Protein chains: 4
Amino acid sequence: MVGWCIFARLFMSTSYDPGIGEKFSHRTQRAINHDGSFNVRRSGGGHRFDPYQRLIRMPWWPFMGWVVLFFALLTGAFAGLYLLLGPGGLAGVPPAPGQGQAFLSALFFSIQTFTSVGYGHVYPASNAAGFVSSLEALVGVLTFALATGLLYGRFSRPTARLLFSRSVLISRRPDSGLPMLVFRVANLRDSILIDISARVLLKTLVTETGNYAYAPLKLERDAISLLPLSWTLVHDITPDSPLQGLTAADFQARDVEVIVLLKAYDDTFAQDVHARNSYVYGEIEWHRRFVRAFTVAPDGVAVVDLDKLDDTEILNVEG
Amino acid sequence: MVGWCIFARLFMSTSYDPGIGEKFSHRTQRAINHDGSFNVRRSGGGHRFDPYQRLIRMPWWPFMGWVVLFFALLTGAFAGLYLLLGPGGLAGVPPAPGQGQAFLSALFFSIQTFTSVGYGHVYPASNAAGFVSSLEALVGVLTFALATGLLYGRFSRPTARLLFSRSVLISRRPDSGLPMLVFRVANLRDSILIDISARVLLKTLVTETGNYAYAPLKLERDAISLLPLSWTLVHDITPDSPLQGLTAADFQARDVEVIVLLKAYDDTFAQDVHARNSYVYGEIEWHRRFVRAFTVAPDGVAVVDLDKLDDTEILNVEG
Amino acid sequence: MVGWCIFARLFMSTSYDPGIGEKFSHRTQRAINHDGSFNVRRSGGGHRFDPYQRLIRMPWWPFMGWVVLFFALLTGAFAGLYLLLGPGGLAGVPPAPGQGQAFLSALFFSIQTFTSVGYGHVYPASNAAGFVSSLEALVGVLTFALATGLLYGRFSRPTARLLFSRSVLISRRPDSGLPMLVFRVANLRDSILIDISARVLLKTLVTETGNYAYAPLKLERDAISLLPLSWTLVHDITPDSPLQGLTAADFQARDVEVIVLLKAYDDTFAQDVHARNSYVYGEIEWHRRFVRAFTVAPDGVAVVDLDKLDDTEILNVEG
Amino acid sequence: MVGWCIFARLFMSTSYDPGIGEKFSHRTQRAINHDGSFNVRRSGGGHRFDPYQRLIRMPWWPFMGWVVLFFALLTGAFAGLYLLLGPGGLAGVPPAPGQGQAFLSALFFSIQTFTSVGYGHVYPASNAAGFVSSLEALVGVLTFALATGLLYGRFSRPTARLLFSRSVLISRRPDSGLPMLVFRVANLRDSILIDISARVLLKTLVTETGNYAYAPLKLERDAISLLPLSWTLVHDITPDSPLQGLTAADFQARDVEVIVLLKAYDDTFAQDVHARNSYVYGEIEWHRRFVRAFTVAPDGVAVVDLDKLDDTEILNVEG
């Protein structure tokens with residue numbers, strides 16, 4: 001696989017600058033969070049504020065909040081402008097007992113203009129009001145044009161919703177009894193995933209120098225054609241594995257983090273999607289194995305039970 | 001080809017977890033349906049409901065039905081709100097003989113606000129009605145922004161419309177007389193397909209264990225540059241083929257399924273498209289061969305007859 | 001290059017079914033037109049009518065014509081409905097002297113509803129007119145949602161605008177004097193093209209059988225990193241070239257067609273774009289070579305003259 | 001890596017036409033500017049004017065200016081048409097003292113129609129005004145459909161915002177003391193970049209012929225999996241490097257330009273993004289090395305300081 005070749009080139013040689021493995025001055029948090037984000041901050045004047053990135057990536061409730069706030073501020077500001085134009089600006093407004101009611105009437109007219117509803121029982125009667133309402137109509141239509149794009153961008157952004165098993169297991173092969181590291185993934189979506197490929201990195205503290213080192217963990221199989229059920233990823237702890245001979249205490253002392261990068265083609269988005277996850281010491285279990293997470297229903301259809309993806313049992317050492 | 005390399009790595013070794021080939025407890029239905037979907041169900045709380053995936057993938061008539069239903073429910077709910085505000089809420093409504101007519105008038109006003117038509121012969125006369133109609137106008141414009149994105153997403157989703165021959169044939173090469181498995185595909189669309197590649201898997205029941213095994217079927221050619229006419233895919237049943245020596249009875253006993261994965265670049269969508277299909281025992285024919293499905297018209301233009309893609313004739317054993 | 005591997009596998013072996021090279025019953029037109037389309041027709045009931053494909057690919061004038069026609073027919077049909085509802089349907093229409101004027105008034109109201117302008121000097125006065133106008137407002141808003149998507153899809157569709165030299169030349173290398181086939185391409189757009197790759201096929205009539213054969217023409221270089229100026233593609237006519245030893249008369253007798261497939265990443269579209277072209281006998285010139293198509297301006301900027309892409313001169317045989 | 005294979009094939013052989021390395025008549029400006037554009041102009045009738053490309057690539061302020069200008073011209077032209085139709089065209093316009101006020105009233109009506117606000121206090125009273133306003137409403141809605149697409153296209157266009165170090169350094173390896181060329185890049189955005197790959201070209205003046213030659217500079221590592229912090233790219237000046245033995249004076253005399261092409265997958269855009277940059281003589285520093293541009297905060301999170309990406313220090317020769 002091409003990806004693997006890149007990966008191999010990346011880690012097989014000593015290097016002046018290891019990229020992801022740059023030297024840290026002391027113990028760091030996990031490199032990758034469960035939601036796939038990095039534990040990295042940026043500082044400096046060059047740091048780019050990206051409104052599009054923010055608006056696309058934020059959850060739905062804050063997004064809708066910003067939309068409503070932006071709408072309220074903008075129509076409120078135009079309502080203030082209409083008030084400034086005085087009573088001759090807007091015709092059809094009933095005589096108001098106070099400034100508050102006058103603002104509300106102007107606000108309703110402003111919203112009717114911004115959304116291009118334009119009932120017309122209130123209308124601009126002066127040239128100044130005509131200009132301001134024309135500008136507001138233009139701003140309103142362009143704002144909703146932008147909102148259309150953002151809503152589509154949010155909905156259509158290709159993202160993977162993969163369920164990773166909560167833990168990685170240090171287990172043994174049922175046939176040979178040789179040790180292996182295993183974890184599972186399943187697709188939370190009903191979408192069809194094609195050509196799923198995986199890469200696994202091991203991050204360890206080099207206790208002699210206080211720095212962190214990164215090494216690839218070779219997978220028994222690093223790609224599958226389709227992912228209808230679940231996929232169990234296996235790294236055999238052979239003599240050339242960086243995990244060879246490590247005890248649970250070593251895992252803790254070396255601040256081990258198992259980093260997982262997944263990539264697949266999603267048939268609904270018609271694009272590649274990526275997922276990332278990592279496991280730290282507290283998320284590694286020894287001497288356990290996974291229990292099958294799917295059954296075949298009486299009608300011959302395979303049924304994946306996502307609740308069972310984390311189900312494990314004690315490893316029968318003879319097994 | 002890269003894809004083939006992934007594919008080969010996927011199936012050439014014995015494995016702890018064969019991915020698509022995970023062990024089933026008894027006979028299963030076909031793995032892949034003719035529309036490319038999997039015969040898999042999901043259960044468990046983690047199963048993700050994806051409104052976007054649903055709304056993008058459902059056929060057009062249900063989609064339009066949901067749109068109209070959503071529109072009716074939302075404008076109806078706002079009409080109810082206007083009624084609750086009492087007769088002082090909406091000005092311009094003619095005196096109504098009954099509650100039904102009052103609701104209809106409120107509904108029409110609601111729809112005129114939601115779609116931002118806003119004739120204005122009816123208009124909000126109280127502050128409460130002003131607020132509700134402002135909210136409805138905002139909701140309406142955002143709803144149609146969403147609808148714009150969904151309609152575009154549905155229309156522009158890159159999908160392949162490939163016609164597969166109804167059956168695979170167990171035939172013989174005209175030159176050498178050696179056995180082969182063949183089937184055909186053609187592009188139902190007028191779009192230009194580029195770099196079409198194919199992979200074929202064989203799913204068989206291992207009768208000794210009651211489990212299913214998967215193996216790749218090597219194609220004489222697994223990729224073509226262009227697909228203007230039809231493409232006949234050929235697997236030679238050589239001694240290293242998993243089909244070598246199998247009789248028709250064996251095919252039935254082993255619950256054979258031939259799984260096909262196709263990928264191509266579509267020049268209209270400017271993206272890769274994928275198609276899947278499978279053939280089970282009842283869709284395999286012996287001792288037949290395909291008849292040519294295209295002709296050359298008098299003006300020198302090649303004409304593909306899609307109705308003839310399934311046309312076969314009895315195999316002349318001498319041929 | 002991966003693409004080349006596919007390509008090589010495609011043509012290096014004899015085959016049961018040559019894909020693009022399927023056997024034709026007599027002389028065919030050129031396989032690929034200068035606009036990149038195939039000379040292929042489809043027949044049969046399975047042939048898929050794709051409104052999206054049509055609406056995205058058609059030129060701008062017919063597209064705008066269809067938009068206006070659709071708009072006129074739909075608003076006209078709704079105008080007819082309003083007429084059917086009688087004089088009580090629409091309020092605010094001035095008394096009309098004839099049926100024509102009544103239709104025009106209904107049509108203007110219909111258009112104001114469809115586009116959600118809704119001045120309101122005319123408005124629906126009966127429940128029936130209320131329902132019809134509500135439906136029209138919904139249809140109108142959804143229609144423009146669709147139009148938004150189509151306009152965006154047309155504008156944003158990744159397409160290459162490459163200028164191919166009008167002819168291929170049978171020329172000679174200036175250093176060795178060995179024969180070669182050359183043609184040139186340049187980017188008509190201001191966009192940045194990255195990783196441009198090319199494949200060339202030769203289509204020839206096998207005079208003994210009356211069928212056509214396809215063979216790849218190996219390029220001296222089949223990919224470049226950037227295409228700021230022009231790119232001259234070279235096929236050396238070495239002993240293993242299918243063109244070796246062919247005279248101009250042979251080219252005509254064998255109905256030669258040189259098919260070119262180009263692919264590149266376009267930095268504006270941020271996607272891969274493809275281009276196709278072909279050269280037939282009348283578009284091949286012998287004993288000529290290309291003249292340089294660019295200069296360096298006094299300010300040190302390279303200037304490509306697209307008008308000179310076709311400029312050739314007689315080949316100095318000593319050269 | 002695949003890209004590297006293309007790259008290698010591109011430069012490893014002598015060639016009839018070196019593509020990017022076509023011969024120039026005299027000294028040229030830098031090939032690639034810091035914003036990634038080429039120093040190339042196009043002339044000739046075939047040069048394609050691409051409104052979409054222009055509107056997508058231009059900065060935001062000119063874009064908004066063109067939108068306002070287009071809006072003003074179009075609504076102004078329709079206002080002129082309404083004036084031409086005379087006082088019977090628009091009803092509801094207050095008697096105007098002069099032609100200027102009449103135009104303003106027509107302009108406000110025109111804008112209310114174009115944006116589909118349609119208050120209705122002014123409305124079309126004649127058939128001619130009905131037709132013109134219907135046309136304007138259609139043009140208006142389609143214009144905003146187009147604007148919606150353009151705004152989305154501008155926002156969603158996958159672009160990389162990579163910060164390159166201002167200079168490349170000619171430095172020495174801390175371990176072996178061997179010479180190397182280094183520069184750094186960091187991601188200005190908060191987006192996650194995956195599978196970042198790089199290619200570096202050297203452009204030099206061949207003083208004997210007055211032409212320019214291009215050669216690849218092999219990188220110690222040409223791809224990394226993730227780019228959370230900064231990436232230091234290293235070219236070792238080994239005996240087979242085209243930089244071997246060159247002094248600073250040679251760099252100037254040979255008009256050296258180091259061209260960098262970067263490619264990565266951006267997790268927000270879910271597409272590949274590209275970046276380009278180049279370094280000329282004045283942007284090369286000798287005997288310096290980079291200072292670390294990140295720290296680990298007390299909470300264990302790595303912090304990249306983008307302001308320090310250019311920080312260098314004098315090279316300790318013993319180092």
# chains A, B, ... in the order shown; residues from 1 in each chain; ligands from 1

$ select_by_dssp --residues "range 10-154 of chain B" --states "alpha helix (DSSP H)" --output "JSON, numbers by chain"
{"B": [10, 11, 51, 52, 53, 54, 55, 56, 57, 60, 61, 62, 63, 64, 65, 66, 67, 68, 69, 70, 71, 72, 73, 74, 75, 76, 77, 78, 79, 80, 81, 82, 83, 84, 99, 100, 101, 102, 103, 104, 105, 106, 107, 108, 109, 110, 111, 112, 113, 114, 127, 128, 129, 130, 131, 132, 133, 134, 135, 136, 137, 138, 139, 140, 141, 142, 143, 144, 145, 146, 147, 148, 149, 150, 151, 152, 153, 154]}

$ interface_residues --of "chain A" --to "chain B" --cutoff "7 Å" --atoms "only C-alpha atoms" --output "PyMOL selection string"
chain A and resi 1+108+111-112+115-121+147-148+151-152+155+188-189+221+223-228+231-232+268+270+296+300-307

$ calpha_fit_and_write --fixed "chain C" --moving "chain A" --output "short mmCIF file (atom, residue, chain, number, x, y, z; two decimals) with C-alpha atoms, in the first residue's frame"
data_model
loop_
_atom_site.label_atom_id
_atom_site.label_comp_id
_atom_site.auth_asym_id
_atom_site.auth_seq_id
_atom_site.Cartn_x
_atom_site.Cartn_y
_atom_site.Cartn_z
CA MET A 1 3.64 6.25 -11.84
CA VAL A 2 0.59 4.35 -10.79
CA GLY A 3 -1.43 5.35 -13.82
CA TRP A 4 1.22 4.05 -16.11
CA CYS A 5 1.22 0.71 -14.36
CA ILE A 6 -2.52 0.36 -14.94
CA PHE A 7 -1.95 1.37 -18.48
CA ALA A 8 0.84 -1.09 -19.04
CA ARG A 9 -1.16 -3.96 -17.60
CA LEU A 10 -3.97 -2.93 -19.87
CA PHE A 11 -2.13 -3.31 -23.11
CA MET A 12 0.85 -5.55 -22.66
CA SER A 13 -0.97 -8.85 -22.90
CA THR A 14 -3.17 -10.48 -25.46
CA SER A 15 -6.69 -10.52 -24.26
CA TYR A 16 -10.10 -12.12 -24.62
CA ASP A 17 -11.72 -8.71 -24.52
CA PRO A 18 -9.64 -5.66 -25.20
CA GLY A 19 -12.13 -3.19 -23.68
CA ILE A 20 -11.68 -0.05 -25.69
CA GLY A 21 -10.35 -2.21 -28.46
CA GLU A 22 -13.43 -4.36 -29.04
CA LYS A 23 -13.74 -5.51 -32.60
CA PHE A 24 -15.66 -3.36 -35.04
CA SER A 25 -17.30 -4.71 -38.20
CA HIS A 26 -15.94 -1.99 -40.48
CA ARG A 27 -14.14 1.35 -40.54
CA THR A 28 -15.24 3.60 -37.72
CA GLN A 29 -15.11 7.32 -37.16
CA ARG A 30 -12.47 8.71 -34.85
CA ALA A 31 -12.84 7.26 -31.34
CA ILE A 32 -12.51 10.57 -29.50
CA ASN A 33 -13.60 13.99 -30.73
CA HIS A 34 -11.64 17.19 -30.18
CA ASP A 35 -13.99 18.17 -27.34
CA GLY A 36 -13.11 14.94 -25.52
CA SER A 37 -16.41 13.14 -26.16
CA PHE A 38 -16.67 9.59 -27.51
CA ASN A 39 -18.13 8.70 -30.90
CA VAL A 40 -20.55 6.30 -29.24
CA ARG A 41 -24.32 6.11 -29.09
CA ARG A 42 -26.40 4.17 -26.59
CA SER A 43 -29.65 2.37 -27.24
CA GLY A 44 -31.88 0.08 -25.22
CA GLY A 45 -34.40 0.56 -22.44
CA GLY A 46 -31.81 0.58 -19.72
CA HIS A 47 -30.27 3.79 -21.00
CA ARG A 48 -30.44 6.26 -18.17
CA PHE A 49 -31.71 9.78 -18.76
CA ASP A 50 -29.79 12.00 -16.37
CA PRO A 51 -31.27 15.46 -16.02
CA TYR A 52 -28.45 16.52 -13.72
CA GLN A 53 -25.76 15.39 -16.20
CA ARG A 54 -27.55 17.19 -19.02
CA LEU A 55 -28.14 20.40 -17.10
CA ILE A 56 -24.57 20.48 -15.84
CA ARG A 57 -22.89 19.75 -19.17
CA MET A 58 -24.99 21.79 -21.64
CA PRO A 59 -23.64 25.19 -22.78
CA TRP A 60 -24.77 28.35 -20.99
CA TRP A 61 -27.26 29.67 -23.56
CA PRO A 62 -29.40 26.54 -23.81
CA PHE A 63 -29.24 26.28 -20.03
CA MET A 64 -30.56 29.81 -19.54
CA GLY A 65 -33.20 29.08 -22.18
CA TRP A 66 -34.43 26.05 -20.26
CA VAL A 67 -34.51 28.06 -17.02
CA VAL A 68 -36.63 30.80 -18.61
CA LEU A 69 -38.91 28.27 -20.32
CA PHE A 70 -39.43 26.31 -17.10
CA PHE A 71 -40.14 29.56 -15.23
CA ALA A 72 -42.63 30.73 -17.89
CA LEU A 73 -44.47 27.41 -18.09
CA LEU A 74 -44.78 26.99 -14.35
CA THR A 75 -45.92 30.53 -13.56
CA GLY A 76 -48.23 30.41 -16.58
CA ALA A 77 -49.80 27.19 -15.33
CA PHE A 78 -50.42 28.71 -11.90
CA ALA A 79 -51.87 31.83 -13.60
CA GLY A 80 -54.32 29.54 -15.37
CA LEU A 81 -55.31 28.03 -12.01
CA TYR A 82 -56.01 31.49 -10.56
CA LEU A 83 -58.18 32.28 -13.60
CA LEU A 84 -60.14 29.06 -13.03
CA LEU A 85 -60.90 30.16 -9.47
CA GLY A 86 -62.94 33.04 -10.88
CA PRO A 87 -63.07 36.73 -10.01
CA GLY A 88 -63.41 36.05 -6.26
CA GLY A 89 -60.00 34.36 -6.11
CA LEU A 90 -57.70 37.34 -6.38
CA ALA A 91 -58.51 40.68 -4.78
CA GLY A 92 -57.00 43.94 -6.01
CA VAL A 93 -57.10 43.08 -9.70
CA PRO A 94 -58.48 46.03 -11.65
CA PRO A 95 -61.62 45.21 -13.72
CA ALA A 96 -60.34 43.73 -16.97
CA PRO A 97 -61.85 44.40 -20.37
CA GLY A 98 -61.04 40.92 -21.64
CA GLN A 99 -59.75 37.44 -20.90
CA GLY A 100 -56.26 38.34 -22.13
CA GLN A 101 -55.85 41.12 -19.59
CA ALA A 102 -57.28 38.91 -16.85
CA PHE A 103 -54.65 36.28 -17.65
CA LEU A 104 -51.86 38.86 -17.61
CA SER A 105 -52.96 40.14 -14.20
CA ALA A 106 -53.08 36.58 -12.91
CA LEU A 107 -49.65 35.92 -14.47
CA PHE A 108 -48.07 38.91 -12.78
CA PHE A 109 -49.55 37.83 -9.43
CA SER A 110 -48.29 34.31 -10.13
CA ILE A 111 -44.76 35.52 -10.82
CA GLN A 112 -44.80 37.77 -7.75
CA THR A 113 -45.75 34.73 -5.70
CA PHE A 114 -43.29 32.33 -7.38
CA THR A 115 -40.35 34.70 -6.83
CA SER A 116 -41.70 35.57 -3.34
CA VAL A 117 -41.76 39.28 -4.20
CA GLY A 118 -45.41 39.51 -3.09
CA TYR A 119 -46.12 43.22 -3.49
CA GLY A 120 -49.60 42.58 -2.13
CA HIS A 121 -51.64 45.02 -4.21
CA VAL A 122 -53.09 41.77 -5.53
CA TYR A 123 -53.65 39.07 -2.94
CA PRO A 124 -55.53 35.77 -2.57
CA ALA A 125 -59.01 36.46 -1.26
CA SER A 126 -60.54 32.97 -1.18
CA ASN A 127 -59.43 29.79 0.55
CA ALA A 128 -58.85 28.11 -2.80
CA ALA A 129 -56.63 30.98 -3.95
CA GLY A 130 -54.90 30.86 -0.58
CA PHE A 131 -54.06 27.19 -1.04
CA VAL A 132 -52.92 27.58 -4.62
CA SER A 133 -50.74 30.60 -3.84
CA SER A 134 -49.25 28.79 -0.82
CA LEU A 135 -48.36 25.86 -3.02
CA GLU A 136 -46.90 28.15 -5.65
CA ALA A 137 -44.78 29.94 -3.05
CA LEU A 138 -43.40 26.60 -1.86
CA VAL A 139 -42.74 25.38 -5.39
CA GLY A 140 -41.10 28.70 -6.25
CA VAL A 141 -38.71 28.69 -3.31
CA LEU A 142 -37.76 25.05 -3.93
CA THR A 143 -37.26 25.74 -7.63
CA PHE A 144 -34.81 28.51 -6.87
CA ALA A 145 -33.12 26.27 -4.34
CA LEU A 146 -32.60 23.80 -7.17
CA ALA A 147 -31.44 26.56 -9.51
CA THR A 148 -28.91 27.67 -6.90
CA GLY A 149 -27.46 24.18 -6.80
CA LEU A 150 -27.38 23.85 -10.58
CA LEU A 151 -25.70 27.22 -11.08
CA TYR A 152 -23.09 26.36 -8.48
CA GLY A 153 -22.62 22.89 -9.94
CA ARG A 154 -22.08 24.36 -13.42
CA PHE A 155 -19.63 26.99 -12.24
CA SER A 156 -17.66 24.80 -9.91
CA ARG A 157 -17.40 21.66 -12.04
CA PRO A 158 -13.70 20.92 -12.35
CA THR A 159 -12.85 21.01 -16.03
CA ALA A 160 -9.56 21.39 -17.80
CA ARG A 161 -9.23 23.94 -20.60
CA LEU A 162 -6.13 22.68 -22.29
CA LEU A 163 -5.01 23.85 -25.68
CA PHE A 164 -3.62 21.02 -27.80
CA SER A 165 -1.50 21.77 -30.86
CA ARG A 166 -3.65 21.34 -33.97
CA SER A 167 -1.32 18.65 -35.35
CA VAL A 168 1.08 16.00 -34.17
CA LEU A 169 4.41 16.16 -35.93
CA ILE A 170 6.58 13.32 -37.10
CA SER A 171 9.91 15.00 -36.42
CA ARG A 172 13.49 14.15 -35.54
CA ARG A 173 15.53 14.68 -32.37
CA PRO A 174 17.89 17.62 -32.79
CA ASP A 175 20.73 15.73 -31.08
CA SER A 176 20.51 12.21 -32.48
CA GLY A 177 18.36 12.71 -35.56
CA LEU A 178 16.19 9.78 -34.46
CA PRO A 179 12.52 9.97 -35.42
CA MET A 180 9.89 11.00 -32.89
CA LEU A 181 6.22 11.89 -32.69
CA VAL A 182 5.58 15.20 -30.87
CA PHE A 183 2.66 17.43 -29.93
CA ARG A 184 2.19 20.27 -27.46
CA VAL A 185 -0.31 21.32 -24.83
CA ALA A 186 -0.74 24.54 -22.84
CA ASN A 187 -3.16 25.65 -20.15
CA LEU A 188 -5.75 28.09 -21.49
CA ARG A 189 -6.66 29.05 -17.94
CA ASP A 190 -4.75 31.10 -15.43
CA SER A 191 -5.14 28.28 -12.96
CA ILE A 192 -2.12 26.43 -11.60
CA LEU A 193 -1.88 22.82 -12.80
CA ILE A 194 0.12 20.37 -10.69
CA ASP A 195 1.25 16.79 -11.38
CA ILE A 196 0.18 16.65 -15.00
CA SER A 197 0.33 13.14 -16.41
CA ALA A 198 -0.35 11.87 -19.92
CA ARG A 199 -1.09 8.61 -21.72
CA VAL A 200 -1.12 8.13 -25.47
CA LEU A 201 -2.82 5.28 -27.36
CA LEU A 202 -2.45 4.35 -31.00
CA LYS A 203 -5.55 3.02 -32.77
CA THR A 204 -4.82 1.22 -36.05
CA LEU A 205 -6.81 -0.83 -38.50
CA VAL A 206 -5.49 -4.37 -38.78
CA THR A 207 -5.96 -4.66 -42.51
CA GLU A 208 -5.79 -8.45 -42.52
CA THR A 209 -8.85 -8.84 -40.26
CA GLY A 210 -10.68 -5.56 -40.71
CA ASN A 211 -10.60 -5.00 -36.97
CA TYR A 212 -8.99 -2.23 -34.94
CA ALA A 213 -6.10 -2.70 -32.56
CA TYR A 214 -4.97 -0.42 -29.77
CA ALA A 215 -1.45 -0.03 -28.45
CA PRO A 216 0.16 2.40 -26.02
CA LEU A 217 2.74 4.89 -27.28
CA LYS A 218 5.44 5.20 -24.66
CA LEU A 219 6.30 8.78 -23.82
CA GLU A 220 9.80 10.02 -23.16
CA ARG A 221 8.23 11.66 -20.08
CA ASP A 222 4.67 10.94 -19.02
CA ALA A 223 4.37 13.35 -16.10
CA ILE A 224 5.59 16.80 -15.07
CA SER A 225 5.30 18.59 -11.75
CA LEU A 226 4.01 21.96 -12.95
CA LEU A 227 2.72 23.36 -16.25
CA PRO A 228 3.45 27.09 -16.24
CA LEU A 229 4.31 27.33 -19.93
CA SER A 230 3.72 24.67 -22.58
CA TRP A 231 4.52 20.98 -22.49
CA THR A 232 5.89 19.15 -25.52
CA LEU A 233 5.08 15.44 -25.36
CA VAL A 234 7.51 13.16 -27.17
CA HIS A 235 7.17 9.57 -28.30
CA ASP A 236 10.46 8.24 -29.66
CA ILE A 237 9.91 6.00 -32.69
CA THR A 238 12.31 3.32 -31.52
CA PRO A 239 12.36 -0.25 -32.86
CA ASP A 240 9.80 -1.32 -30.25
CA SER A 241 7.39 1.46 -31.19
CA PRO A 242 4.29 0.42 -33.15
CA LEU A 243 5.06 3.37 -35.44
CA GLN A 244 8.48 2.01 -36.41
CA GLY A 245 8.90 1.90 -40.16
CA LEU A 246 5.47 3.26 -41.05
CA THR A 247 5.30 5.65 -44.01
CA ALA A 248 2.72 8.39 -44.43
CA ALA A 249 0.87 6.09 -46.79
CA ASP A 250 0.80 3.43 -44.07
CA PHE A 251 -0.69 5.95 -41.67
CA GLN A 252 -3.53 6.56 -44.08
CA ALA A 253 -4.07 2.93 -45.00
CA ARG A 254 -4.14 1.88 -41.36
CA ASP A 255 -6.64 4.60 -40.41
CA VAL A 256 -4.30 5.73 -37.63
CA GLU A 257 -5.69 7.67 -34.63
CA VAL A 258 -3.44 8.98 -31.85
CA ILE A 259 -5.52 9.19 -28.65
CA VAL A 260 -4.33 11.41 -25.78
CA LEU A 261 -5.51 11.29 -22.16
CA LEU A 262 -4.32 14.02 -19.79
CA LYS A 263 -4.86 14.38 -16.05
CA ALA A 264 -3.81 17.15 -13.67
CA TYR A 265 -4.58 18.65 -10.28
CA ASP A 266 -6.13 22.10 -10.65
CA ASP A 267 -5.29 24.43 -7.79
CA THR A 268 -8.47 26.52 -8.10
CA PHE A 269 -10.92 23.64 -8.19
CA ALA A 270 -8.70 21.75 -5.74
CA GLN A 271 -9.52 18.59 -7.67
CA ASP A 272 -8.19 16.47 -10.49
CA VAL A 273 -9.21 17.52 -13.99
CA HIS A 274 -9.04 15.42 -17.15
CA ALA A 275 -8.74 16.24 -20.84
CA ARG A 276 -8.90 14.04 -23.92
CA ASN A 277 -8.04 14.61 -27.57
CA SER A 278 -7.11 12.62 -30.64
CA TYR A 279 -5.29 13.12 -33.94
CA VAL A 280 -6.29 11.33 -37.17
CA TYR A 281 -4.40 11.09 -40.46
CA GLY A 282 -5.25 14.60 -41.67
CA GLU A 283 -3.88 16.06 -38.41
CA ILE A 284 -0.40 14.56 -38.71
CA GLU A 285 2.44 16.51 -40.31
CA TRP A 286 5.79 15.11 -41.47
CA HIS A 287 9.25 16.69 -41.44
CA ARG A 288 8.31 19.70 -39.33
CA ARG A 289 9.22 20.83 -35.86
CA PHE A 290 7.68 23.17 -33.31
CA VAL A 291 8.84 26.74 -32.84
CA ARG A 292 9.22 28.03 -29.31
CA ALA A 293 5.90 29.45 -28.06
CA PHE A 294 7.20 31.64 -25.26
CA THR A 295 9.61 34.48 -24.67
CA VAL A 296 11.07 36.23 -21.67
CA ALA A 297 9.88 39.80 -21.27
CA PRO A 298 12.35 42.54 -20.32
CA ASP A 299 11.13 42.37 -16.72
CA GLY A 300 12.22 38.73 -16.54
CA VAL A 301 8.71 37.25 -16.67
CA ALA A 302 8.12 34.36 -19.08
CA VAL A 303 5.31 35.04 -21.58
CA VAL A 304 3.45 32.18 -23.27
CA ASP A 305 1.90 33.10 -26.62
CA LEU A 306 -1.01 30.71 -27.05
CA ASP A 307 -1.40 31.77 -30.68
CA LYS A 308 2.04 30.28 -31.38
CA LEU A 309 1.31 26.83 -29.96
CA ASP A 310 0.68 25.58 -33.50
CA ASP A 311 3.70 27.28 -35.06
CA THR A 312 6.03 24.88 -36.80
CA GLU A 313 8.88 25.11 -39.27
CA ILE A 314 10.40 22.76 -41.81
CA LEU A 315 12.71 20.32 -40.15
CA ASN A 316 16.36 20.83 -40.96
CA VAL A 317 17.37 17.24 -41.56
CA GLU A 318 20.91 17.97 -40.41
CA GLY A 319 19.50 19.50 -37.18
#
